[in-house]
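Everything below belongs to my_file_8.cif, which stores mmCIF, C-alpha atoms.
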```cif
data_query
loop_
_atom_site.group_PDB
_atom_site.id
_atom_site.type_symbol
_atom_site.label_atom_id
_atom_site.label_comp_id
_atom_site.auth_asym_id
_atom_site.auth_seq_id
_atom_site.Cartn_x
_atom_site.Cartn_y
_atom_site.Cartn_z
ATOM 1 C CA MET A 18 0.000 0.000 0.000
ATOM 2 C CA LYS A 19 2.816 2.388 0.872
ATOM 3 C CA ASP A 20 4.515 1.749 -2.484
ATOM 4 C CA ALA A 21 1.307 2.558 -4.363
ATOM 5 C CA LEU A 22 0.905 5.816 -2.443
ATOM 6 C CA ARG A 23 4.555 6.683 -3.048
ATOM 7 C CA LYS A 24 4.004 6.202 -6.802
ATOM 8 C CA LEU A 25 0.924 8.420 -6.656
ATOM 9 C CA CYS A 26 2.791 11.163 -4.774
ATOM 10 C CA ARG A 27 6.015 10.831 -6.758
ATOM 11 C CA PRO A 28 6.039 14.436 -8.100
ATOM 12 C CA VAL A 29 5.954 15.914 -4.590
ATOM 13 C CA LEU A 30 8.392 13.412 -3.122
ATOM 14 C CA ALA A 31 10.853 13.719 -6.009
ATOM 15 C CA PHE A 32 11.251 17.430 -5.343
ATOM 16 C CA PHE A 33 12.222 16.879 -1.701
ATOM 17 C CA GLU A 34 14.160 13.602 -2.036
ATOM 18 C CA LYS A 35 16.723 14.685 -4.602
ATOM 19 C CA GLY A 36 20.210 15.430 -3.416
ATOM 20 C CA GLU A 37 22.518 14.025 -0.798
ATOM 21 C CA PRO A 38 21.295 11.972 2.148
ATOM 22 C CA ALA A 39 20.571 14.031 5.231
ATOM 23 C CA ALA A 40 23.267 14.024 7.873
ATOM 24 C CA SER A 41 21.410 16.027 10.501
ATOM 25 C CA TYR A 42 18.067 14.207 10.433
ATOM 26 C CA ARG A 43 16.422 13.194 13.724
ATOM 27 C CA PRO A 44 13.168 11.232 14.126
ATOM 28 C CA SER A 45 11.681 14.159 16.049
ATOM 29 C CA HIS A 46 11.796 16.212 12.832
ATOM 30 C CA ARG A 47 9.250 13.843 11.254
ATOM 31 C CA MET A 48 6.954 14.072 14.288
ATOM 32 C CA ILE A 49 7.123 17.871 14.321
ATOM 33 C CA LEU A 50 6.351 17.943 10.590
ATOM 34 C CA LEU A 51 3.348 15.705 11.179
ATOM 35 C CA ALA A 52 2.148 18.012 13.974
ATOM 36 C CA ALA A 53 2.591 21.058 11.728
ATOM 37 C CA ALA A 54 0.635 19.320 8.958
ATOM 38 C CA THR A 55 -2.182 18.623 11.408
ATOM 39 C CA LEU A 56 -2.243 22.255 12.517
ATOM 40 C CA PHE A 57 -2.394 23.463 8.916
ATOM 41 C CA LEU A 58 -5.201 20.988 8.237
ATOM 42 C CA ILE A 59 -7.131 22.468 11.167
ATOM 43 C CA LEU A 60 -6.460 25.981 9.826
ATOM 44 C CA PHE A 61 -7.738 24.822 6.441
ATOM 45 C CA CYS A 62 -10.994 23.556 7.963
ATOM 46 C CA VAL A 63 -11.509 26.744 9.976
ATOM 47 C CA SER A 64 -10.760 28.875 6.908
ATOM 48 C CA VAL A 65 -13.267 26.947 4.803
ATOM 49 C CA TYR A 66 -15.922 27.411 7.469
ATOM 50 C CA PHE A 67 -15.368 31.165 7.736
ATOM 51 C CA ALA A 68 -15.040 31.583 3.956
ATOM 52 C CA LEU A 69 -18.385 29.889 3.414
ATOM 53 C CA SER A 70 -20.077 31.808 6.199
ATOM 54 C CA ALA A 71 -18.711 35.168 5.024
ATOM 55 C CA GLY A 72 -19.273 34.499 1.335
ATOM 56 C CA GLN A 73 -16.166 36.454 0.360
ATOM 57 C CA LEU A 74 -14.186 35.435 -2.702
ATOM 58 C CA GLY A 75 -10.932 36.745 -1.200
ATOM 59 C CA ALA A 76 -11.105 34.075 1.486
ATOM 60 C CA VAL A 77 -10.237 31.444 -1.112
ATOM 61 C CA ILE A 78 -6.529 32.361 -1.058
ATOM 62 C CA PRO A 79 -5.843 31.316 2.565
ATOM 63 C CA VAL A 80 -7.962 28.201 2.046
ATOM 64 C CA ILE A 81 -5.815 27.130 -0.898
ATOM 65 C CA VAL A 82 -2.534 27.965 0.854
ATOM 66 C CA PHE A 83 -3.443 26.091 4.051
ATOM 67 C CA PHE A 84 -4.654 23.092 2.035
ATOM 68 C CA VAL A 85 -1.512 22.858 -0.113
ATOM 69 C CA VAL A 86 0.838 23.246 2.854
ATOM 70 C CA SER A 87 -1.029 20.621 4.880
ATOM 71 C CA VAL A 88 -1.144 18.098 2.022
ATOM 72 C CA VAL A 89 2.535 18.497 1.136
ATOM 73 C CA SER A 90 3.529 18.244 4.800
ATOM 74 C CA LEU A 91 1.401 15.129 5.300
ATOM 75 C CA ILE A 92 2.848 13.476 2.194
ATOM 76 C CA VAL A 93 6.450 14.183 3.187
ATOM 77 C CA ALA A 94 5.907 13.258 6.853
ATOM 78 C CA THR A 95 4.180 9.946 6.142
ATOM 79 C CA LEU A 96 5.678 8.754 2.849
ATOM 80 C CA GLY A 97 8.926 10.681 2.475
ATOM 81 C CA SER A 98 12.424 9.505 3.181
ATOM 82 C CA ASP A 99 14.675 10.960 5.864
ATOM 83 C CA THR A 100 16.269 13.143 3.190
ATOM 84 C CA ALA A 101 12.881 14.595 2.224
ATOM 85 C CA VAL A 102 12.032 15.444 5.822
ATOM 86 C CA ALA A 103 15.411 17.081 6.336
ATOM 87 C CA ARG A 104 15.084 19.087 3.102
ATOM 88 C CA ILE A 105 11.646 20.411 4.000
ATOM 89 C CA TRP A 106 13.174 21.778 7.229
ATOM 90 C CA GLY A 107 16.185 23.135 5.325
ATOM 91 C CA LEU A 108 18.669 20.914 7.172
ATOM 92 C CA LYS A 109 21.889 19.737 5.558
#
```

In structure tokens, write the structure found in this file.
Amino acid sequence: MKDALRKLCRPVLAFFEKGEPAASYRPSHRMILLAAATLFLILFCVSVYFALSAGQLGAVIPVIVFFVVSVVSLIVATLGSDTAVARIWGLK
């Protein structure tokens, strides 16, 4: 199942997994990334609620940004290699 999901998310993972293996990776980095993804997912849900209740077209921008950040973070945190997690944090 994980291999099928990795094939599906290959464009996102390829961007973060290219390059040298991470030397400064720690398992806590993956857990923090997963927590950040969860927080952005909550922000996405709250933004959708307020955008629908306000009926403003300008509220679509934060909804899209929070959704993209949460999805990319979830993909890298759950399916990505140690190198991908280190690259998303900017570690070398």

What are the centre and the three edge lengths of an axis-aligned box that wraps all atoms of segment 54-66 of chain A in the file, given that 8 Å is added to every side, written as lines of an AutoDock Vina configuration file and rounded to one decimal in Å?
```
center_x = -7.6
center_y = 23.7
center_z = 8.7
size_x = 32.6
size_y = 26.3
size_z = 23.7
```

Pairwise distance, atom CA of Cys62 of chain A with atom CA of Ala94 of chain A, equals 19.8 Å

Please indicate the distance in Å from atom CA of Leu91 of chain A to atom CA of Leu22 of chain A, rounded to one decimal place.
12.1 Å

So which residues touch segment 33-37 of chain A within 9 Å, counting all atoms listed in the file, skipping near sequence neighbours fewer than 6 positions away, as a list in words?
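Listing them by chain and then by number gives Val93, Gly97, Ser98, Asp99, Thr100, Ala101, Val102, Ala103, Arg104, Ile105 and Lys109 of chain A.
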
So the first atom is atom CA of Ala68 of chain A and the second is atom CA of Leu50 of chain A; what is the distance between them in Å, to one decimal place?
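Taking atom CA of Ala68 of chain A and atom CA of Leu50 of chain A, their separation equals 26.2 Å.
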
Which residues, written as a PyMOL selection string, have at least one atom at most 12 Å from Ile59 of chain A, with all atoms listed in the file counted and residues fewer than 2 positions away on the same chain left out?
chain A and resi 52-57+61-66+80+83-84+86-88

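Candidate residues A:Val82, A:Ala39, A:Val29, A:Met18 were compared for distance to Trp106 of chain A, and the nearest is A:Ala39, using all atoms listed in the file.
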
Hey, what's within 8 Å of Leu96 of chain A if we count only C-alpha atoms and toss same-chain stuff fewer than 4 positions away? As a list in words, please?
Lys19, Leu22, Arg23 and Ile92 of chain A
